[in-house]
file input-v1.cif (mmCIF, C-alpha atoms)
data_model
loop_
_atom_site.label_atom_id
_atom_site.label_comp_id
_atom_site.auth_asym_id
_atom_site.auth_seq_id
_atom_site.Cartn_x
_atom_site.Cartn_y
_atom_site.Cartn_z
CA MET T 1 26.76 -15.42 19.59
CA THR T 2 27.50 -11.94 20.84
CA ALA T 3 25.02 -9.18 20.12
CA THR T 4 26.41 -5.71 19.61
CA LEU T 5 25.44 -2.64 21.62
CA SER T 6 24.39 0.40 19.63
CA ASP T 7 26.19 3.71 20.13
CA LYS T 8 23.08 5.02 21.88
CA ALA T 9 23.06 2.04 24.25
CA ARG T 10 26.75 2.61 24.98
CA ALA T 11 26.09 6.27 25.72
CA LEU T 12 23.35 5.32 28.20
CA LEU T 13 25.51 2.65 29.85
CA ALA T 14 28.35 5.15 30.22
CA ARG T 15 26.18 7.29 32.49
CA PRO T 16 25.74 6.55 36.22
CA VAL T 17 22.29 5.05 35.77
CA ILE T 18 21.24 2.17 38.03
CA ALA T 19 20.72 -1.10 36.11
CA ASN T 20 18.48 -3.99 37.04
CA LEU T 21 19.81 -7.53 36.86
CA ALA T 22 17.47 -10.51 36.62
CA THR T 23 18.68 -13.98 37.57
CA VAL T 24 16.82 -17.20 38.29
CA SER T 25 16.62 -18.50 41.87
CA SER T 26 17.05 -22.13 42.90
CA ASP T 27 13.26 -22.55 43.06
CA GLY T 28 12.95 -21.23 39.49
CA SER T 29 11.48 -17.86 40.44
CA PRO T 30 12.97 -14.64 39.06
CA GLN T 31 15.32 -12.55 41.21
CA LEU T 32 15.80 -8.84 40.57
CA THR T 33 18.63 -6.62 41.85
CA PRO T 34 19.36 -2.95 41.18
CA LEU T 35 23.11 -2.44 40.71
CA TRP T 36 25.98 -0.54 39.16
CA ILE T 37 27.16 -1.51 35.71
CA ASP T 38 29.74 -0.69 33.09
CA VAL T 39 30.86 -1.90 29.71
CA ASP T 40 34.05 -3.52 28.45
CA GLY T 41 34.02 -3.92 24.68
CA ASP T 42 30.74 -5.71 23.97
CA ALA T 43 30.51 -7.21 27.46
CA LEU T 44 28.63 -5.85 30.46
CA LEU T 45 30.45 -5.83 33.79
CA ILE T 46 28.84 -5.93 37.21
CA ASN T 47 30.30 -6.44 40.66
CA THR T 48 28.93 -8.19 43.72
CA ALA T 49 30.10 -9.87 46.91
CA ALA T 50 30.58 -13.64 47.19
CA GLY T 51 27.65 -15.32 48.90
CA ARG T 52 24.99 -12.88 47.71
CA VAL T 53 21.84 -14.39 46.20
CA LYS T 54 22.61 -13.15 42.69
CA ALA T 55 26.15 -14.59 42.86
CA ASN T 56 24.78 -17.98 43.89
CA ASN T 57 22.08 -17.85 41.22
CA ILE T 58 24.63 -17.08 38.51
CA LYS T 59 26.82 -19.98 39.65
CA ARG T 60 23.85 -22.32 39.12
CA ASP T 61 22.45 -20.75 35.94
CA SER T 62 24.52 -18.32 33.91
CA ARG T 63 21.55 -16.90 32.00
CA VAL T 64 20.70 -13.33 33.01
CA ALA T 65 18.86 -10.25 31.78
CA VAL T 66 19.84 -6.63 32.29
CA SER T 67 17.74 -3.49 31.92
CA VAL T 68 18.84 0.14 32.01
CA VAL T 69 16.24 2.92 31.67
CA ASP T 70 17.27 6.53 31.13
CA PRO T 71 15.73 8.42 34.09
CA GLU T 72 15.32 11.46 31.85
CA ASP T 73 13.77 9.62 28.89
CA PRO T 74 11.79 6.43 29.53
CA TYR T 75 11.94 5.57 25.82
CA ASN T 76 15.73 5.41 25.95
CA VAL T 77 16.12 1.88 27.22
CA VAL T 78 18.60 -0.98 26.93
CA VAL T 79 17.44 -4.52 27.65
CA VAL T 80 19.97 -7.31 27.23
CA LYS T 81 19.54 -11.07 27.47
CA GLY T 82 22.93 -12.53 28.14
CA THR T 83 25.18 -15.18 29.59
CA VAL T 84 27.71 -14.82 32.37
CA THR T 85 31.03 -15.88 30.85
CA ALA T 86 33.35 -15.16 33.79
CA VAL T 87 33.16 -14.61 37.55
CA THR T 88 36.53 -13.53 38.90
CA GLU T 89 37.97 -12.39 42.20
CA GLU T 90 41.02 -11.10 40.36
CA GLY T 91 40.51 -7.45 39.47
CA ALA T 92 37.20 -7.30 41.34
CA ASP T 93 38.44 -4.89 44.03
CA ALA T 94 39.88 -2.53 41.44
CA HIS T 95 36.66 -2.83 39.44
CA ILE T 96 34.37 -1.86 42.34
CA ASP T 97 36.54 1.25 42.75
CA VAL T 98 36.01 2.06 39.06
CA LEU T 99 32.24 1.73 39.59
CA ALA T 100 32.41 3.86 42.75
CA LYS T 101 34.16 6.54 40.69
CA LYS T 102 31.46 6.36 38.04
CA TYR T 103 28.46 6.30 40.37
CA LEU T 104 29.68 8.18 43.47
CA GLY T 105 32.57 10.25 42.14
CA VAL T 106 34.97 8.83 44.73
CA ASP T 107 38.27 7.01 44.19
CA GLU T 108 37.56 4.13 46.50
CA TYR T 109 34.41 2.09 47.12
CA PRO T 110 33.29 3.28 50.56
CA MET T 111 31.01 0.38 51.52
CA ARG T 112 33.49 -2.49 51.81
CA ARG T 113 32.76 -4.87 54.65
CA PRO T 114 35.47 -6.71 56.60
CA GLY T 115 36.21 -10.08 55.01
CA GLU T 116 34.02 -9.37 51.98
CA VAL T 117 35.19 -11.05 48.77
CA ARG T 118 34.26 -9.01 45.70
CA LEU T 119 33.43 -10.70 42.40
CA LYS T 120 33.64 -9.17 38.94
CA ILE T 121 31.00 -10.64 36.67
CA ARG T 122 31.26 -10.50 32.90
CA ILE T 123 28.07 -10.79 30.85
CA ARG T 124 28.02 -11.54 27.14
CA PRO T 125 24.97 -10.01 25.43
CA ASP T 126 23.26 -12.79 23.44
CA ARG T 127 20.25 -10.76 22.37
CA ILE T 128 19.37 -7.11 22.80
CA PRO T 129 15.56 -6.96 22.64
CA MET T 130 15.49 -3.19 23.24
CA GLN T 131 18.00 -0.44 22.65
CA GLY T 132 17.11 3.18 22.03
CA MET H 1 1.12 -14.55 52.32
CA THR H 2 0.93 -10.90 51.36
CA ALA H 3 3.81 -8.61 52.27
CA THR H 4 2.95 -5.01 53.03
CA LEU H 5 4.41 -2.01 51.23
CA SER H 6 5.92 0.70 53.41
CA ASP H 7 4.64 4.27 53.14
CA LYS H 8 7.94 5.20 51.48
CA ALA H 9 7.50 2.42 48.91
CA ARG H 10 3.95 3.60 48.24
CA ALA H 11 5.18 7.15 47.74
CA LEU H 12 7.74 5.96 45.20
CA LEU H 13 5.21 3.78 43.37
CA ALA H 14 2.79 6.71 43.19
CA ARG H 15 5.27 8.63 41.05
CA PRO H 16 5.61 8.09 37.27
CA VAL H 17 8.79 6.04 37.61
CA ILE H 18 9.39 3.20 35.17
CA ALA H 19 9.38 -0.23 36.85
CA ASN H 20 11.16 -3.36 35.72
CA LEU H 21 9.29 -6.66 35.66
CA ALA H 22 11.14 -9.98 35.69
CA THR H 23 9.42 -13.14 34.51
CA VAL H 24 10.75 -16.56 33.55
CA SER H 25 10.76 -17.63 29.90
CA SER H 26 9.77 -21.07 28.63
CA ASP H 27 13.45 -22.07 28.43
CA GLY H 28 13.95 -21.06 32.07
CA SER H 29 15.93 -17.91 31.34
CA PRO H 30 14.96 -14.59 32.94
CA GLN H 31 12.97 -12.03 30.96
CA LEU H 32 13.06 -8.33 31.85
CA THR H 33 10.63 -5.62 30.75
CA PRO H 34 10.47 -1.93 31.65
CA LEU H 35 6.85 -0.87 32.18
CA TRP H 36 4.30 1.34 33.86
CA ILE H 37 2.96 0.34 37.25
CA ASP H 38 0.52 1.36 39.94
CA VAL H 39 -0.79 0.12 43.24
CA ASP H 40 -4.21 -1.09 44.39
CA GLY H 41 -4.25 -1.75 48.12
CA ASP H 42 -1.30 -4.05 48.70
CA ALA H 43 -1.29 -5.32 45.12
CA LEU H 44 0.80 -4.07 42.21
CA LEU H 45 -0.97 -3.55 38.89
CA ILE H 46 0.62 -3.67 35.47
CA ASN H 47 -0.88 -3.70 31.99
CA THR H 48 0.21 -5.42 28.81
CA ALA H 49 -1.20 -6.69 25.52
CA ALA H 50 -2.25 -10.31 25.00
CA GLY H 51 0.41 -12.29 23.17
CA ARG H 52 3.40 -10.38 24.51
CA VAL H 53 6.28 -12.47 25.88
CA LYS H 54 5.67 -11.38 29.47
CA ALA H 55 1.96 -12.23 29.23
CA ASN H 56 2.80 -15.71 27.96
CA ASN H 57 5.48 -16.19 30.62
CA ILE H 58 3.05 -15.22 33.39
CA LYS H 59 0.46 -17.65 32.06
CA ARG H 60 3.01 -20.45 32.41
CA ASP H 61 4.63 -19.35 35.69
CA SER H 62 2.96 -16.76 37.91
CA ARG H 63 6.10 -15.95 39.88
CA VAL H 64 7.49 -12.50 39.11
CA ALA H 65 9.79 -9.85 40.54
CA VAL H 66 9.37 -6.08 40.28
CA SER H 67 11.95 -3.35 40.85
CA VAL H 68 11.43 0.42 41.02
CA VAL H 69 14.41 2.73 41.53
CA ASP H 70 13.95 6.42 42.31
CA PRO H 71 15.78 8.24 39.48
CA GLU H 72 16.64 11.02 41.91
CA ASP H 73 17.88 8.78 44.74
CA PRO H 74 19.34 5.35 43.88
CA TYR H 75 19.04 4.28 47.53
CA ASN H 76 15.27 4.73 47.39
CA VAL H 77 14.34 1.39 45.89
CA VAL H 78 11.46 -1.06 46.01
CA VAL H 79 12.05 -4.69 45.04
CA VAL H 80 9.12 -7.09 45.28
CA LYS H 81 8.97 -10.83 44.78
CA GLY H 82 5.39 -11.71 44.04
CA THR H 83 2.78 -13.86 42.43
CA VAL H 84 0.33 -12.93 39.68
CA THR H 85 -3.12 -13.55 41.14
CA ALA H 86 -5.27 -12.28 38.27
CA VAL H 87 -4.99 -11.53 34.55
CA THR H 88 -8.15 -9.84 33.29
CA GLU H 89 -9.37 -8.28 30.08
CA GLU H 90 -12.19 -6.66 32.04
CA GLY H 91 -11.14 -3.21 33.15
CA ALA H 92 -7.84 -3.42 31.30
CA ASP H 93 -8.67 -0.69 28.78
CA ALA H 94 -9.74 1.70 31.53
CA HIS H 95 -6.61 0.77 33.48
CA ILE H 96 -4.18 1.56 30.65
CA ASP H 97 -5.85 4.99 30.46
CA VAL H 98 -5.20 5.46 34.20
CA LEU H 99 -1.54 4.58 33.62
CA ALA H 100 -1.35 6.92 30.61
CA LYS H 101 -2.68 9.70 32.86
CA LYS H 102 -0.05 8.92 35.49
CA TYR H 103 2.91 8.56 33.12
CA LEU H 104 2.01 10.80 30.17
CA GLY H 105 -0.52 13.20 31.67
CA VAL H 106 -3.10 12.35 28.99
CA ASP H 107 -6.65 11.04 29.42
CA GLU H 108 -6.37 8.25 26.91
CA TYR H 109 -3.57 5.79 26.15
CA PRO H 110 -2.28 7.02 22.79
CA MET H 111 -0.47 3.87 21.62
CA ARG H 112 -3.37 1.45 21.15
CA ARG H 113 -3.00 -0.82 18.14
CA PRO H 114 -5.98 -2.06 16.11
CA GLY H 115 -7.23 -5.37 17.48
CA GLU H 116 -4.96 -5.22 20.51
CA VAL H 117 -6.38 -6.92 23.63
CA ARG H 118 -5.16 -5.27 26.82
CA LEU H 119 -4.63 -7.30 30.00
CA LYS H 120 -4.62 -5.98 33.55
CA ILE H 121 -2.24 -8.01 35.69
CA ARG H 122 -2.50 -8.08 39.47
CA ILE H 123 0.60 -8.99 41.49
CA ARG H 124 0.50 -10.01 45.14
CA PRO H 125 3.76 -9.07 46.92
CA ASP H 126 4.99 -12.23 48.71
CA ARG H 127 8.28 -10.77 49.89
CA ILE H 128 9.72 -7.28 49.72
CA PRO H 129 13.51 -7.72 49.86
CA MET H 130 14.15 -3.98 49.50
CA GLN H 131 12.10 -0.93 50.32
CA GLY H 132 13.53 2.46 51.19
#
call {"tool": "encode", "arguments": {"input": "input-v1.cif", "output": "structure tokens"}}
result
Amino acid sequence: MTATLSDKARALLARPVIANLATVSSDGSPQLTPLWIDVDGDALLINTAAGRVKANNIKRDSRVAVSVVDPEDPYNVVVVKGTVTAVTEEGADAHIDVLAKKYLGVDEYPMRRPGEVRLKIRIRPDRIPMQG
Amino acid sequence: MTATLSDKARALLARPVIANLATVSSDGSPQLTPLWIDVDGDALLINTAAGRVKANNIKRDSRVAVSVVDPEDPYNVVVVKGTVTAVTEEGADAHIDVLAKKYLGVDEYPMRRPGEVRLKIRIRPDRIPMQG
């Protein structure tokens, strides 16, 4: 079941605010990563490089949580429990450029590493425990 | 083994910046909660009410992760993987007042609920994957 983001949550997610992504490691402990995020319809989109811990965790267990806190208003918060529904190389390079535009104001992601394979990760919100 | 916070990490944690705490739920999925935080020596201290999801999760599995992102500089980040070493009622009421002073500038935590039992939670950093 997909949970629906409120207009206020969408407004927060549209701003260049760093999100935190929680995944579960192979030993069952929680893993936390600050990252860029955006929204496509009701889905959350993040972007990482193949081989990173969070990418490996998601491959093993698609259950994740995402938190975004408004730096100007700590009561304006979005917390999502969700499921990764797609991890794709296709479109991932274009998508990291979109995120670079949002967060850095530049047309092209400036931190690409040689040989790096980008992954676009789509998260379906299952529950939204907090949204302002 | 205790990992040691850098001076820069300590400086960030001393500011009233909202942290995110990741725990693992009974079904194995990750749980994420924005909260107040402070530091005691090398330990991180948080405060919650008995019965909350994160308190129950910690009782079952003491492994947690904590992330703090500087709202003014997204590259100034502290991410800690740690273990809860103590959950105490003793001192928890005084401690939530300390946090209220830090985050709200008031002497007394203004959101107490009748009958609420506060818990002070001590986290030992085991690894610090990111610190500015």
call {"tool": "interface_residues", "arguments": {"input": "input-v1.cif", "of": "chain T", "to": "chain H", "cutoff": "6 Å", "atoms": "only C-alpha atoms", "output": "compact mmCIF listing (two decimals) with C-alpha atoms, in the frame of the given file"}}
result
# COMPACT_ATOMS: atom_id res chain seq x y z
CA THR T 23 18.68 -13.98 37.57
CA SER T 29 11.48 -17.86 40.44
CA PRO T 30 12.97 -14.64 39.06
CA ARG T 63 21.55 -16.90 32.00
CA VAL T 64 20.70 -13.33 33.01
CA ALA T 65 18.86 -10.25 31.78
CA PRO T 71 15.73 8.42 34.09
call {"tool": "resolve_selection", "arguments": {"input": "input-v1.cif", "expression": "the PyMOL selection byres ((chain T and resi 100) around 12)", "output": "PyMOL selection string"}}
result
chain T and resi 16+35-38+46-47+93-99+101-112
call {"tool": "write_last_selection", "arguments": {"input": "input-v1.cif", "atoms": "C-alpha atoms", "output": "JSON list (two decimals), in the frame of the given file"}}
result
[["chain", "number", "residue", "atom", "x", "y", "z"],
["T", 16, "PRO", "CA", 25.74, 6.55, 36.22],
["T", 35, "LEU", "CA", 23.11, -2.44, 40.71],
["T", 36, "TRP", "CA", 25.98, -0.54, 39.16],
["T", 37, "ILE", "CA", 27.16, -1.51, 35.71],
["T", 38, "ASP", "CA", 29.74, -0.69, 33.09],
["T", 46, "ILE", "CA", 28.84, -5.93, 37.21],
["T", 47, "ASN", "CA", 30.30, -6.44, 40.66],
["T", 93, "ASP", "CA", 38.44, -4.89, 44.03],
["T", 94, "ALA", "CA", 39.88, -2.53, 41.44],
["T", 95, "HIS", "CA", 36.66, -2.83, 39.44],
["T", 96, "ILE", "CA", 34.37, -1.86, 42.34],
["T", 97, "ASP", "CA", 36.54, 1.25, 42.75],
["T", 98, "VAL", "CA", 36.01, 2.06, 39.06],
["T", 99, "LEU", "CA", 32.24, 1.73, 39.59],
["T", 101, "LYS", "CA", 34.16, 6.54, 40.69],
["T", 102, "LYS", "CA", 31.46, 6.36, 38.04],
["T", 103, "TYR", "CA", 28.46, 6.30, 40.37],
["T", 104, "LEU", "CA", 29.68, 8.18, 43.47],
["T", 105, "GLY", "CA", 32.57, 10.25, 42.14],
["T", 106, "VAL", "CA", 34.97, 8.83, 44.73],
["T", 107, "ASP", "CA", 38.27, 7.01, 44.19],
["T", 108, "GLU", "CA", 37.56, 4.13, 46.50],
["T", 109, "TYR", "CA", 34.41, 2.09, 47.12],
["T", 110, "PRO", "CA", 33.29, 3.28, 50.56],
["T", 111, "MET", "CA", 31.01, 0.38, 51.52],
["T", 112, "ARG", "CA", 33.49, -2.49, 51.81]]
call {"tool": "atom_distance", "arguments": {"input": "input-v1.cif", "atom1": "CA of Thr4 (chain T)", "atom2": "CA of Asp42 (chain T)"}}
result
6.1 Å
call {"tool": "closest_residue", "arguments": {"input": "input-v1.cif", "among": "H:Arg60, H:Lys120, H:Asn76, H:Gly51", "to": "Gly132 (chain H)", "atoms": "all atoms listed in the file"}}
result
H:Asn76
call {"tool": "atom_distance", "arguments": {"input": "input-v1.cif", "atom1": "CA of Arg122 (chain T)", "atom2": "CA of Glu89 (chain T)"}}
result
11.6 Å
call {"tool": "axis_aligned_box", "arguments": {"input": "input-v1.cif", "around": "region 95-99 of chain H", "padding_each_side": "4 Å", "output": "AutoDock Vina command-line options"}}
result
--center_x -4.1 --center_y 3.1 --center_z 32.3 --size_x 13.1 --size_y 12.7 --size_z 11.7
call {"tool": "resolve_selection", "arguments": {"input": "input-v1.cif", "expression": "the PyMOL selection byres ((chain H and resi 50) around 7)", "output": "JSON, numbers by chain"}}
result
{"H": [48, 49, 51, 52, 55, 117, 118, 119]}
call {"tool": "write_last_selection", "arguments": {"input": "input-v1.cif", "atoms": "C-alpha atoms", "output": "mmCIF file, keeping the file's coordinate frame"}}
result
data_model
loop_
_atom_site.group_PDB
_atom_site.id
_atom_site.type_symbol
_atom_site.label_atom_id
_atom_site.label_comp_id
_atom_site.auth_asym_id
_atom_site.auth_seq_id
_atom_site.Cartn_x
_atom_site.Cartn_y
_atom_site.Cartn_z
ATOM 1 C CA THR H 48 0.210 -5.420 28.810
ATOM 2 C CA ALA H 49 -1.200 -6.690 25.520
ATOM 3 C CA GLY H 51 0.410 -12.290 23.170
ATOM 4 C CA ARG H 52 3.400 -10.380 24.510
ATOM 5 C CA ALA H 55 1.960 -12.230 29.230
ATOM 6 C CA VAL H 117 -6.380 -6.920 23.630
ATOM 7 C CA ARG H 118 -5.160 -5.270 26.820
ATOM 8 C CA LEU H 119 -4.630 -7.300 30.000
#
call {"tool": "atom_distance", "arguments": {"input": "input-v1.cif", "atom1": "CA of Arg124 (chain T)", "atom2": "CA of Lys59 (chain T)"}}
result
15.1 Å
